[in-house]
Amino acid sequence: MAAATATTVADQLSIQTVSHASFVLSDGTTTLYNDPVGGAAAWAGFAEADVVLVSDIHGDHLDSTTLEAVVGNNTALVVPQAVADKLSPKLAAQASILANGNSTTVGELDIMALPMYNLREEALQFHTKGRGNGYVLTWNGKRIYIAGDTEDIPEMRSLDDIDWAFVPMNLPYTMPVDA
């Protein structure tokens, strides 16, 4: 597990990678899990999640068994509708569903859902517009973009004032190198 830290306006914000699109962000008070997969053991060393984001329905982003293990009774679970449709009744009841363009606030964390989708003709079947979410977080004075599985879409290019960006490059499913 690799770890990196960067200073934000108010506190330290740590980034700890787990695998692929799975990582943990924490400011020492709030802990966010992004796309938790890999089973409970992969998440055992981290603080309990206050917020869990899930971006899409594919197994490298949505793992129901892992979610059941890491989402506690007080965890805010933020998902697109397509993910909510695949959750257990317990998790579905706990989930906040965000459509592209909508926002929510959890404590001091503002979360805005953005589209994530493919543009290249040969990849259109992988990620359709409106199904999954990228997210822009506003947290401790920083704006953090978590793109999800997407290509170099206009919505990404139009973002301003992004301090950190997590973008994919996983051919043939997401952006090619030149993007």
# chains A, B, ... in the order shown; residues from 1 in each chain; ligands from 1
>>> residues_around(residues="stretch 117-132 of chain A", least_positions_apart="4", cutoff="8 Å", atoms="only C-alpha atoms", output="mmCIF file with C-alpha atoms, in the first residue's frame")
data_model
loop_
_atom_site.group_PDB
_atom_site.id
_atom_site.type_symbol
_atom_site.label_atom_id
_atom_site.label_comp_id
_atom_site.auth_asym_id
_atom_site.auth_seq_id
_atom_site.Cartn_x
_atom_site.Cartn_y
_atom_site.Cartn_z
ATOM 1 C CA SER A 55 -18.548 5.550 -9.205
ATOM 2 C CA ASP A 56 -19.899 2.753 -11.405
ATOM 3 C CA ILE A 57 -21.402 -0.744 -11.633
ATOM 4 C CA PRO A 80 -25.297 6.896 -8.868
ATOM 5 C CA GLN A 81 -28.702 5.286 -9.454
ATOM 6 C CA ALA A 82 -27.234 2.379 -11.450
ATOM 7 C CA VAL A 83 -25.107 1.414 -8.428
ATOM 8 C CA ALA A 99 -27.292 12.028 -10.577
ATOM 9 C CA ASN A 100 -24.762 13.805 -12.762
ATOM 10 C CA GLY A 148 -14.202 7.672 -12.462
ATOM 11 C CA ASP A 149 -13.948 5.584 -15.635
ATOM 12 C CA THR A 150 -14.081 8.226 -18.314
ATOM 13 C CA GLU A 151 -12.345 9.694 -21.277
ATOM 14 C CA ASP A 152 -11.276 13.292 -21.791
ATOM 15 C CA ILE A 153 -14.854 14.592 -21.770
ATOM 16 C CA PRO A 172 -9.270 0.107 -23.840
ATOM 17 C CA TYR A 173 -11.822 1.227 -21.220
ATOM 18 C CA THR A 174 -10.813 4.816 -20.471
#
>>> residues_around(residues="A:Leu25", least_positions_apart="5", cutoff="7 Å", atoms="only C-alpha atoms", output="list in words")
Leu13, Ser14, Ile15, Gln16, Thr31, Leu32 and Tyr33 of chain A
>>> write_last_selection(atoms="all heavy atoms", output="PDB file, in the first residue's frame")
ATOM      1  N   LEU A  13      -4.051  16.393   4.545  1.00  0.00           N
ATOM      2  CA  LEU A  13      -4.960  15.497   3.845  1.00  0.00           C
ATOM      3  C   LEU A  13      -4.110  14.362   3.327  1.00  0.00           C
ATOM      4  O   LEU A  13      -3.190  14.594   2.539  1.00  0.00           O
ATOM      5  CB  LEU A  13      -5.680  16.220   2.703  1.00  0.00           C
ATOM      6  CG  LEU A  13      -6.734  15.421   1.961  1.00  0.00           C
ATOM      7  CD1 LEU A  13      -7.883  15.030   2.880  1.00  0.00           C
ATOM      8  CD2 LEU A  13      -7.275  16.216   0.786  1.00  0.00           C
ATOM      9  N   SER A  14      -4.367  13.166   3.788  1.00  0.00           N
ATOM     10  CA  SER A  14      -3.560  12.035   3.345  1.00  0.00           C
ATOM     11  C   SER A  14      -4.296  11.242   2.280  1.00  0.00           C
ATOM     12  O   SER A  14      -5.523  11.153   2.288  1.00  0.00           O
ATOM     13  CB  SER A  14      -3.197  11.129   4.521  1.00  0.00           C
ATOM     14  OG  SER A  14      -4.328  10.456   5.000  1.00  0.00           O
ATOM     15  N   ILE A  15      -3.513  10.696   1.374  1.00  0.00           N
ATOM     16  CA  ILE A  15      -4.015   9.836   0.307  1.00  0.00           C
ATOM     17  C   ILE A  15      -3.314   8.506   0.474  1.00  0.00           C
ATOM     18  O   ILE A  15      -2.085   8.460   0.521  1.00  0.00           O
ATOM     19  CB  ILE A  15      -3.667  10.388  -1.089  1.00  0.00           C
ATOM     20  CG1 ILE A  15      -4.154  11.819  -1.244  1.00  0.00           C
ATOM     21  CG2 ILE A  15      -4.222   9.481  -2.176  1.00  0.00           C
ATOM     22  CD1 ILE A  15      -3.512  12.536  -2.407  1.00  0.00           C
ATOM     23  N   GLN A  16      -4.104   7.453   0.587  1.00  0.00           N
ATOM     24  CA  GLN A  16      -3.529   6.119   0.683  1.00  0.00           C
ATOM     25  C   GLN A  16      -4.173   5.256  -0.392  1.00  0.00           C
ATOM     26  O   GLN A  16      -5.397   5.094  -0.406  1.00  0.00           O
ATOM     27  CB  GLN A  16      -3.765   5.532   2.076  1.00  0.00           C
ATOM     28  CG  GLN A  16      -3.063   6.351   3.152  1.00  0.00           C
ATOM     29  CD  GLN A  16      -3.423   5.864   4.532  1.00  0.00           C
ATOM     30  OE1 GLN A  16      -4.537   6.013   4.983  1.00  0.00           O
ATOM     31  NE2 GLN A  16      -2.441   5.281   5.198  1.00  0.00           N
ATOM     32  N   THR A  31     -12.833  10.450   7.125  1.00  0.00           N
ATOM     33  CA  THR A  31     -12.189   9.455   6.264  1.00  0.00           C
ATOM     34  C   THR A  31     -13.143   9.091   5.139  1.00  0.00           C
ATOM     35  O   THR A  31     -14.309   8.768   5.390  1.00  0.00           O
ATOM     36  CB  THR A  31     -11.799   8.202   7.065  1.00  0.00           C
ATOM     37  OG1 THR A  31     -10.880   8.589   8.090  1.00  0.00           O
ATOM     38  CG2 THR A  31     -11.146   7.159   6.173  1.00  0.00           C
ATOM     39  N   LEU A  32     -12.637   9.163   3.900  1.00  0.00           N
ATOM     40  CA  LEU A  32     -13.421   8.855   2.704  1.00  0.00           C
ATOM     41  C   LEU A  32     -12.789   7.670   1.996  1.00  0.00           C
ATOM     42  O   LEU A  32     -11.580   7.648   1.791  1.00  0.00           O
ATOM     43  CB  LEU A  32     -13.451  10.066   1.777  1.00  0.00           C
ATOM     44  CG  LEU A  32     -14.189   9.907   0.455  1.00  0.00           C
ATOM     45  CD1 LEU A  32     -14.930  11.188   0.117  1.00  0.00           C
ATOM     46  CD2 LEU A  32     -13.271   9.518  -0.683  1.00  0.00           C
ATOM     47  N   TYR A  33     -13.609   6.691   1.634  1.00  0.00           N
ATOM     48  CA  TYR A  33     -13.177   5.568   0.796  1.00  0.00           C
ATOM     49  C   TYR A  33     -13.740   5.797  -0.598  1.00  0.00           C
ATOM     50  O   TYR A  33     -14.932   6.087  -0.748  1.00  0.00           O
ATOM     51  CB  TYR A  33     -13.721   4.238   1.293  1.00  0.00           C
ATOM     52  CG  TYR A  33     -13.203   3.709   2.599  1.00  0.00           C
ATOM     53  CD1 TYR A  33     -12.300   4.404   3.404  1.00  0.00           C
ATOM     54  CD2 TYR A  33     -13.645   2.468   3.050  1.00  0.00           C
ATOM     55  CE1 TYR A  33     -11.849   3.875   4.602  1.00  0.00           C
ATOM     56  CE2 TYR A  33     -13.206   1.932   4.254  1.00  0.00           C
ATOM     57  CZ  TYR A  33     -12.307   2.642   5.023  1.00  0.00           C
ATOM     58  OH  TYR A  33     -11.881   2.109   6.212  1.00  0.00           O
TER      59      TYR A  33
END
>>> select_by_dssp(residues="stretch 3-179 of chain A", states="strand (DSSP E)", output="ChimeraX atom specification")
/A:3-7,12-19,22-26,31-34,51-53,76-79,95-97,103-106,109-114,134-139,142-146,164-166
>>> write_last_selection(atoms="C-alpha atoms", output="tab-separated table (two decimals), in the first residue's frame")
chain	number	residue	atom	x	y	z
A	3	ALA	CA	0.77	6.57	0.81
A	4	ALA	CA	1.19	10.22	-0.05
A	5	THR	CA	0.34	13.36	1.85
A	6	ALA	CA	-0.21	16.94	0.83
A	7	THR	CA	-0.97	20.01	2.88
A	12	GLN	CA	-3.07	17.45	6.45
A	13	LEU	CA	-4.96	15.50	3.84
A	14	SER	CA	-3.56	12.04	3.35
A	15	ILE	CA	-4.01	9.84	0.31
A	16	GLN	CA	-3.53	6.12	0.68
A	17	THR	CA	-3.89	3.89	-2.35
A	18	VAL	CA	-5.41	0.45	-2.08
A	19	SER	CA	-5.62	-0.77	-5.70
A	22	SER	CA	-9.64	2.27	-4.64
A	23	PHE	CA	-8.08	4.75	-2.24
A	24	VAL	CA	-8.59	6.48	1.11
A	25	LEU	CA	-8.57	10.23	1.72
A	26	SER	CA	-8.43	11.50	5.28
A	31	THR	CA	-12.19	9.46	6.26
A	32	LEU	CA	-13.42	8.86	2.70
A	33	TYR	CA	-13.18	5.57	0.80
A	34	ASN	CA	-13.36	5.70	-2.99
A	51	VAL	CA	-18.01	8.64	3.52
A	52	VAL	CA	-17.90	6.01	0.77
A	53	LEU	CA	-18.11	6.99	-2.90
A	76	ALA	CA	-22.57	8.20	4.21
A	77	LEU	CA	-22.74	6.11	1.03
A	78	VAL	CA	-22.89	8.20	-2.17
A	79	VAL	CA	-23.67	6.44	-5.45
A	95	ALA	CA	-27.32	5.34	0.02
A	96	SER	CA	-27.59	8.93	-1.16
A	97	ILE	CA	-28.19	8.79	-4.89
A	103	SER	CA	-24.54	17.77	-5.12
A	104	THR	CA	-24.69	16.81	-1.47
A	105	THR	CA	-22.86	17.79	1.69
A	106	VAL	CA	-21.58	15.39	4.33
A	109	LEU	CA	-17.31	17.78	2.65
A	110	ASP	CA	-19.17	19.02	-0.44
A	111	ILE	CA	-19.65	16.37	-3.13
A	112	MET	CA	-20.76	17.12	-6.70
A	113	ALA	CA	-21.46	14.31	-9.18
A	114	LEU	CA	-20.19	14.72	-12.74
A	134	GLY	CA	-17.13	11.23	-11.37
A	135	TYR	CA	-16.98	13.44	-8.29
A	136	VAL	CA	-15.66	16.88	-7.38
A	137	LEU	CA	-15.02	17.20	-3.66
A	138	THR	CA	-14.57	20.50	-1.88
A	139	TRP	CA	-12.75	19.70	1.33
A	142	LYS	CA	-9.18	22.06	-1.76
A	143	ARG	CA	-11.08	20.91	-4.83
A	144	ILE	CA	-10.44	17.28	-5.66
A	145	TYR	CA	-11.60	15.67	-8.90
A	146	ILE	CA	-12.18	11.92	-8.97
A	164	TRP	CA	-5.85	17.34	-7.13
A	165	ALA	CA	-7.17	15.12	-9.91
A	166	PHE	CA	-7.49	11.35	-10.02
>>> atom_distance(atom1="atom CA of A:Asn73", atom2="atom CA of A:Gly38")
20.6 Å
>>> closest_residue(among="A:Asp35, A:Glu48, A:Asp160, A:Asp85", to="A:Asp63", atoms="only C-alpha atoms")
A:Asp35
>>> residues_around(residues="A:Ala41", least_positions_apart="2", cutoff="12 Å", atoms="only C-alpha atoms", output="list in words")
Val18, Pro36, Val37, Gly38, Gly39, Trp43, Ala44, Gly45, Phe46, Thr65, Thr66, Leu67, Ala69 and Val70 of chain A
>>> write_last_selection(atoms="all heavy atoms", output="mmCIF file, in the first residue's frame")
data_model
loop_
_atom_site.group_PDB
_atom_site.id
_atom_site.type_symbol
_atom_site.label_atom_id
_atom_site.label_comp_id
_atom_site.auth_asym_id
_atom_site.auth_seq_id
_atom_site.Cartn_x
_atom_site.Cartn_y
_atom_site.Cartn_z
ATOM 1 N N VAL A 18 -5.129 1.832 -2.402
ATOM 2 C CA VAL A 18 -5.413 0.446 -2.081
ATOM 3 C C VAL A 18 -5.148 -0.391 -3.322
ATOM 4 O O VAL A 18 -4.293 -1.264 -3.317
ATOM 5 C CB VAL A 18 -6.857 0.265 -1.562
ATOM 6 C CG1 VAL A 18 -7.161 -1.201 -1.278
ATOM 7 C CG2 VAL A 18 -7.078 1.109 -0.315
ATOM 8 N N PRO A 36 -14.440 1.184 -2.896
ATOM 9 C CA PRO A 36 -13.813 0.104 -2.129
ATOM 10 C C PRO A 36 -14.133 -1.275 -2.700
ATOM 11 O O PRO A 36 -15.297 -1.668 -2.779
ATOM 12 C CB PRO A 36 -14.386 0.278 -0.723
ATOM 13 C CG PRO A 36 -15.658 1.016 -0.902
ATOM 14 C CD PRO A 36 -15.497 1.853 -2.132
ATOM 15 N N VAL A 37 -13.089 -1.972 -3.112
ATOM 16 C CA VAL A 37 -13.181 -3.346 -3.608
ATOM 17 C C VAL A 37 -12.048 -4.145 -2.967
ATOM 18 O O VAL A 37 -11.172 -3.584 -2.324
ATOM 19 C CB VAL A 37 -13.090 -3.413 -5.149
ATOM 20 C CG1 VAL A 37 -14.207 -2.602 -5.813
ATOM 21 C CG2 VAL A 37 -11.742 -2.939 -5.657
ATOM 22 N N GLY A 38 -12.077 -5.447 -3.159
ATOM 23 C CA GLY A 38 -10.963 -6.270 -2.710
ATOM 24 C C GLY A 38 -11.186 -7.009 -1.411
ATOM 25 O O GLY A 38 -10.275 -7.658 -0.903
ATOM 26 N N GLY A 39 -12.374 -6.911 -0.823
ATOM 27 C CA GLY A 39 -12.670 -7.609 0.417
ATOM 28 C C GLY A 39 -12.312 -6.806 1.649
ATOM 29 O O GLY A 39 -11.549 -5.832 1.586
ATOM 30 N N TRP A 43 -9.099 -3.351 3.539
ATOM 31 C CA TRP A 43 -9.459 -2.096 4.195
ATOM 32 C C TRP A 43 -9.242 -2.136 5.708
ATOM 33 O O TRP A 43 -9.506 -1.158 6.412
ATOM 34 C CB TRP A 43 -10.915 -1.752 3.868
ATOM 35 C CG TRP A 43 -11.073 -1.635 2.390
ATOM 36 C CD1 TRP A 43 -11.307 -2.649 1.506
ATOM 37 C CD2 TRP A 43 -10.901 -0.468 1.618
ATOM 38 N NE1 TRP A 43 -11.308 -2.158 0.218
ATOM 39 C CE2 TRP A 43 -11.064 -0.810 0.262
ATOM 40 C CE3 TRP A 43 -10.642 0.870 1.933
ATOM 41 C CZ2 TRP A 43 -10.966 0.095 -0.771
ATOM 42 C CZ3 TRP A 43 -10.550 1.781 0.895
ATOM 43 C CH2 TRP A 43 -10.711 1.395 -0.430
ATOM 44 N N ALA A 44 -8.727 -3.254 6.210
ATOM 45 C CA ALA A 44 -8.615 -3.480 7.656
ATOM 46 C C ALA A 44 -7.697 -2.480 8.364
ATOM 47 O O ALA A 44 -7.926 -2.154 9.512
ATOM 48 C CB ALA A 44 -8.140 -4.902 7.921
ATOM 49 N N GLY A 45 -6.695 -1.957 7.705
ATOM 50 C CA GLY A 45 -5.749 -1.060 8.358
ATOM 51 C C GLY A 45 -6.149 0.398 8.373
ATOM 52 O O GLY A 45 -5.410 1.236 8.907
ATOM 53 N N PHE A 46 -7.286 0.722 7.821
ATOM 54 C CA PHE A 46 -7.705 2.117 7.699
ATOM 55 C C PHE A 46 -8.727 2.483 8.762
ATOM 56 O O PHE A 46 -9.453 1.634 9.268
ATOM 57 C CB PHE A 46 -8.301 2.375 6.311
ATOM 58 C CG PHE A 46 -7.341 2.111 5.194
ATOM 59 C CD1 PHE A 46 -7.529 1.040 4.341
ATOM 60 C CD2 PHE A 46 -6.237 2.929 4.998
ATOM 61 C CE1 PHE A 46 -6.641 0.792 3.317
ATOM 62 C CE2 PHE A 46 -5.346 2.687 3.971
ATOM 63 C CZ PHE A 46 -5.547 1.616 3.129
ATOM 64 N N THR A 65 -19.757 -7.213 -1.572
ATOM 65 C CA THR A 65 -19.228 -7.877 -0.379
ATOM 66 C C THR A 65 -18.331 -6.922 0.403
ATOM 67 O O THR A 65 -18.427 -6.821 1.630
ATOM 68 C CB THR A 65 -18.460 -9.150 -0.763
ATOM 69 O OG1 THR A 65 -19.343 -10.006 -1.493
ATOM 70 C CG2 THR A 65 -17.933 -9.872 0.450
ATOM 71 N N THR A 66 -17.473 -6.207 -0.297
ATOM 72 C CA THR A 66 -16.597 -5.237 0.368
ATOM 73 C C THR A 66 -17.425 -4.105 0.967
ATOM 74 O O THR A 66 -17.187 -3.689 2.106
ATOM 75 C CB THR A 66 -15.547 -4.681 -0.606
ATOM 76 O OG1 THR A 66 -14.787 -5.776 -1.140
ATOM 77 C CG2 THR A 66 -14.604 -3.714 0.084
ATOM 78 N N LEU A 67 -18.405 -3.609 0.229
ATOM 79 C CA LEU A 67 -19.254 -2.537 0.755
ATOM 80 C C LEU A 67 -19.955 -2.967 2.041
ATOM 81 O O LEU A 67 -20.009 -2.197 3.006
ATOM 82 C CB LEU A 67 -20.296 -2.101 -0.272
ATOM 83 C CG LEU A 67 -19.822 -1.167 -1.364
ATOM 84 C CD1 LEU A 67 -20.973 -0.869 -2.324
ATOM 85 C CD2 LEU A 67 -19.261 0.116 -0.799
ATOM 86 N N ALA A 69 -18.918 -4.897 4.202
ATOM 87 C CA ALA A 69 -17.928 -4.943 5.278
ATOM 88 C C ALA A 69 -17.469 -3.562 5.738
ATOM 89 O O ALA A 69 -17.140 -3.382 6.904
ATOM 90 C CB ALA A 69 -16.714 -5.764 4.821
ATOM 91 N N VAL A 70 -17.437 -2.576 4.836
ATOM 92 C CA VAL A 70 -16.826 -1.284 5.193
ATOM 93 C C VAL A 70 -17.825 -0.165 5.453
ATOM 94 O O VAL A 70 -17.451 0.862 6.013
ATOM 95 C CB VAL A 70 -15.803 -0.815 4.131
ATOM 96 C CG1 VAL A 70 -14.701 -1.847 3.938
ATOM 97 C CG2 VAL A 70 -16.467 -0.459 2.809
#
>>> closest_residue(among="A:Gln94, A:Ala21, A:Asn102, A:Ser88", to="A:His58", atoms="only C-alpha atoms")
A:Ala21
>>> select_by_dssp(residues="chain A", states="helix (DSSP H, G or I)", output="ChimeraX atom specification")
/A:40-43,64-70,81-84,89-94,121-123,154-157
>>> write_last_selection(atoms="N, CA, C and O atoms", output="compact mmCIF listing (two decimals), in the first residue's frame")
# COMPACT_ATOMS: atom_id res chain seq x y z
N ALA A 40 -12.86 -7.22 2.77
CA ALA A 40 -12.66 -6.50 4.03
C ALA A 40 -11.20 -6.39 4.42
O ALA A 40 -10.77 -5.38 4.97
N ALA A 41 -10.41 -7.42 4.14
CA ALA A 41 -9.00 -7.42 4.55
C ALA A 41 -8.22 -6.28 3.90
O ALA A 41 -7.29 -5.74 4.51
N ALA A 42 -8.58 -5.89 2.69
CA ALA A 42 -7.88 -4.80 2.00
C ALA A 42 -8.07 -3.47 2.71
O ALA A 42 -7.28 -2.54 2.53
N TRP A 43 -9.10 -3.35 3.54
CA TRP A 43 -9.46 -2.10 4.19
C TRP A 43 -9.24 -2.14 5.71
O TRP A 43 -9.51 -1.16 6.41
N SER A 64 -20.04 -5.52 -3.81
CA SER A 64 -21.05 -5.53 -2.75
C SER A 64 -20.55 -6.16 -1.46
O SER A 64 -20.87 -5.70 -0.36
N THR A 65 -19.76 -7.21 -1.57
CA THR A 65 -19.23 -7.88 -0.38
C THR A 65 -18.33 -6.92 0.40
O THR A 65 -18.43 -6.82 1.63
N THR A 66 -17.47 -6.21 -0.30
CA THR A 66 -16.60 -5.24 0.37
C THR A 66 -17.43 -4.10 0.97
O THR A 66 -17.19 -3.69 2.11
N LEU A 67 -18.40 -3.61 0.23
CA LEU A 67 -19.25 -2.54 0.75
C LEU A 67 -19.95 -2.97 2.04
O LEU A 67 -20.01 -2.20 3.01
N GLU A 68 -20.49 -4.17 2.06
CA GLU A 68 -21.17 -4.66 3.28
C GLU A 68 -20.21 -4.65 4.47
O GLU A 68 -20.61 -4.38 5.59
N ALA A 69 -18.92 -4.90 4.20
CA ALA A 69 -17.93 -4.94 5.28
C ALA A 69 -17.47 -3.56 5.74
O ALA A 69 -17.14 -3.38 6.90
N VAL A 70 -17.44 -2.58 4.84
CA VAL A 70 -16.83 -1.28 5.19
C VAL A 70 -17.83 -0.17 5.45
O VAL A 70 -17.45 0.86 6.01
N GLN A 81 -27.52 6.17 -9.47
CA GLN A 81 -28.70 5.29 -9.45
C GLN A 81 -28.37 3.87 -9.90
O GLN A 81 -28.85 2.90 -9.30
N ALA A 82 -27.56 3.71 -10.93
CA ALA A 82 -27.23 2.38 -11.45
C ALA A 82 -26.55 1.53 -10.38
O ALA A 82 -26.77 0.31 -10.32
N VAL A 83 -25.74 2.14 -9.53
CA VAL A 83 -25.11 1.41 -8.43
C VAL A 83 -26.16 1.10 -7.37
O VAL A 83 -26.23 -0.03 -6.87
N ALA A 84 -26.98 2.06 -7.01
CA ALA A 84 -28.02 1.84 -6.00
C ALA A 84 -28.91 0.66 -6.38
O ALA A 84 -29.32 -0.13 -5.52
N PRO A 89 -30.75 -4.43 -0.01
CA PRO A 89 -31.75 -3.51 0.53
C PRO A 89 -31.20 -2.63 1.66
O PRO A 89 -31.52 -1.45 1.73
N LYS A 90 -30.37 -3.20 2.53
CA LYS A 90 -29.80 -2.43 3.64
C LYS A 90 -28.94 -1.28 3.12
O LYS A 90 -29.09 -0.13 3.54
N LEU A 91 -28.02 -1.58 2.19
CA LEU A 91 -27.15 -0.53 1.66
C LEU A 91 -27.93 0.46 0.80
O LEU A 91 -27.67 1.66 0.84
N ALA A 92 -28.88 -0.03 0.02
CA ALA A 92 -29.68 0.86 -0.82
C ALA A 92 -30.45 1.87 0.03
O ALA A 92 -30.56 3.05 -0.33
N ALA A 93 -30.94 1.43 1.18
CA ALA A 93 -31.67 2.33 2.07
C ALA A 93 -30.76 3.39 2.68
O ALA A 93 -31.20 4.48 3.03
N GLN A 94 -29.48 3.08 2.78
CA GLN A 94 -28.51 3.99 3.38
C GLN A 94 -27.88 4.93 2.35
O GLN A 94 -27.29 5.94 2.71
N GLU A 121 -15.52 5.74 -30.45
CA GLU A 121 -16.53 4.83 -31.00
C GLU A 121 -16.31 3.40 -30.52
O GLU A 121 -17.25 2.71 -30.13
N GLU A 122 -15.07 2.94 -30.53
CA GLU A 122 -14.78 1.56 -30.14
C GLU A 122 -14.96 1.30 -28.63
O GLU A 122 -14.92 0.16 -28.18
N ALA A 123 -15.18 2.35 -27.84
CA ALA A 123 -15.29 2.18 -26.40
C ALA A 123 -16.65 2.61 -25.83
O ALA A 123 -16.88 2.53 -24.63
N PRO A 154 -15.79 16.79 -22.27
CA PRO A 154 -15.89 18.25 -22.12
C PRO A 154 -16.15 18.69 -20.68
O PRO A 154 -15.64 19.72 -20.24
N GLU A 155 -16.93 17.91 -19.93
CA GLU A 155 -17.22 18.26 -18.54
C GLU A 155 -15.95 18.28 -17.69
O GLU A 155 -15.82 19.09 -16.78
N MET A 156 -15.01 17.41 -18.01
CA MET A 156 -13.72 17.39 -17.31
C MET A 156 -12.91 18.63 -17.69
O MET A 156 -12.35 19.31 -16.84
N ARG A 157 -12.85 18.91 -18.97
CA ARG A 157 -12.06 20.04 -19.47
C ARG A 157 -12.60 21.38 -18.97
O ARG A 157 -11.85 22.35 -18.88
>>> closest_residue(among="A:Val177, A:Ile162, A:Leu87, A:Leu98", to="A:Asn133", atoms="only C-alpha atoms")
A:Leu98
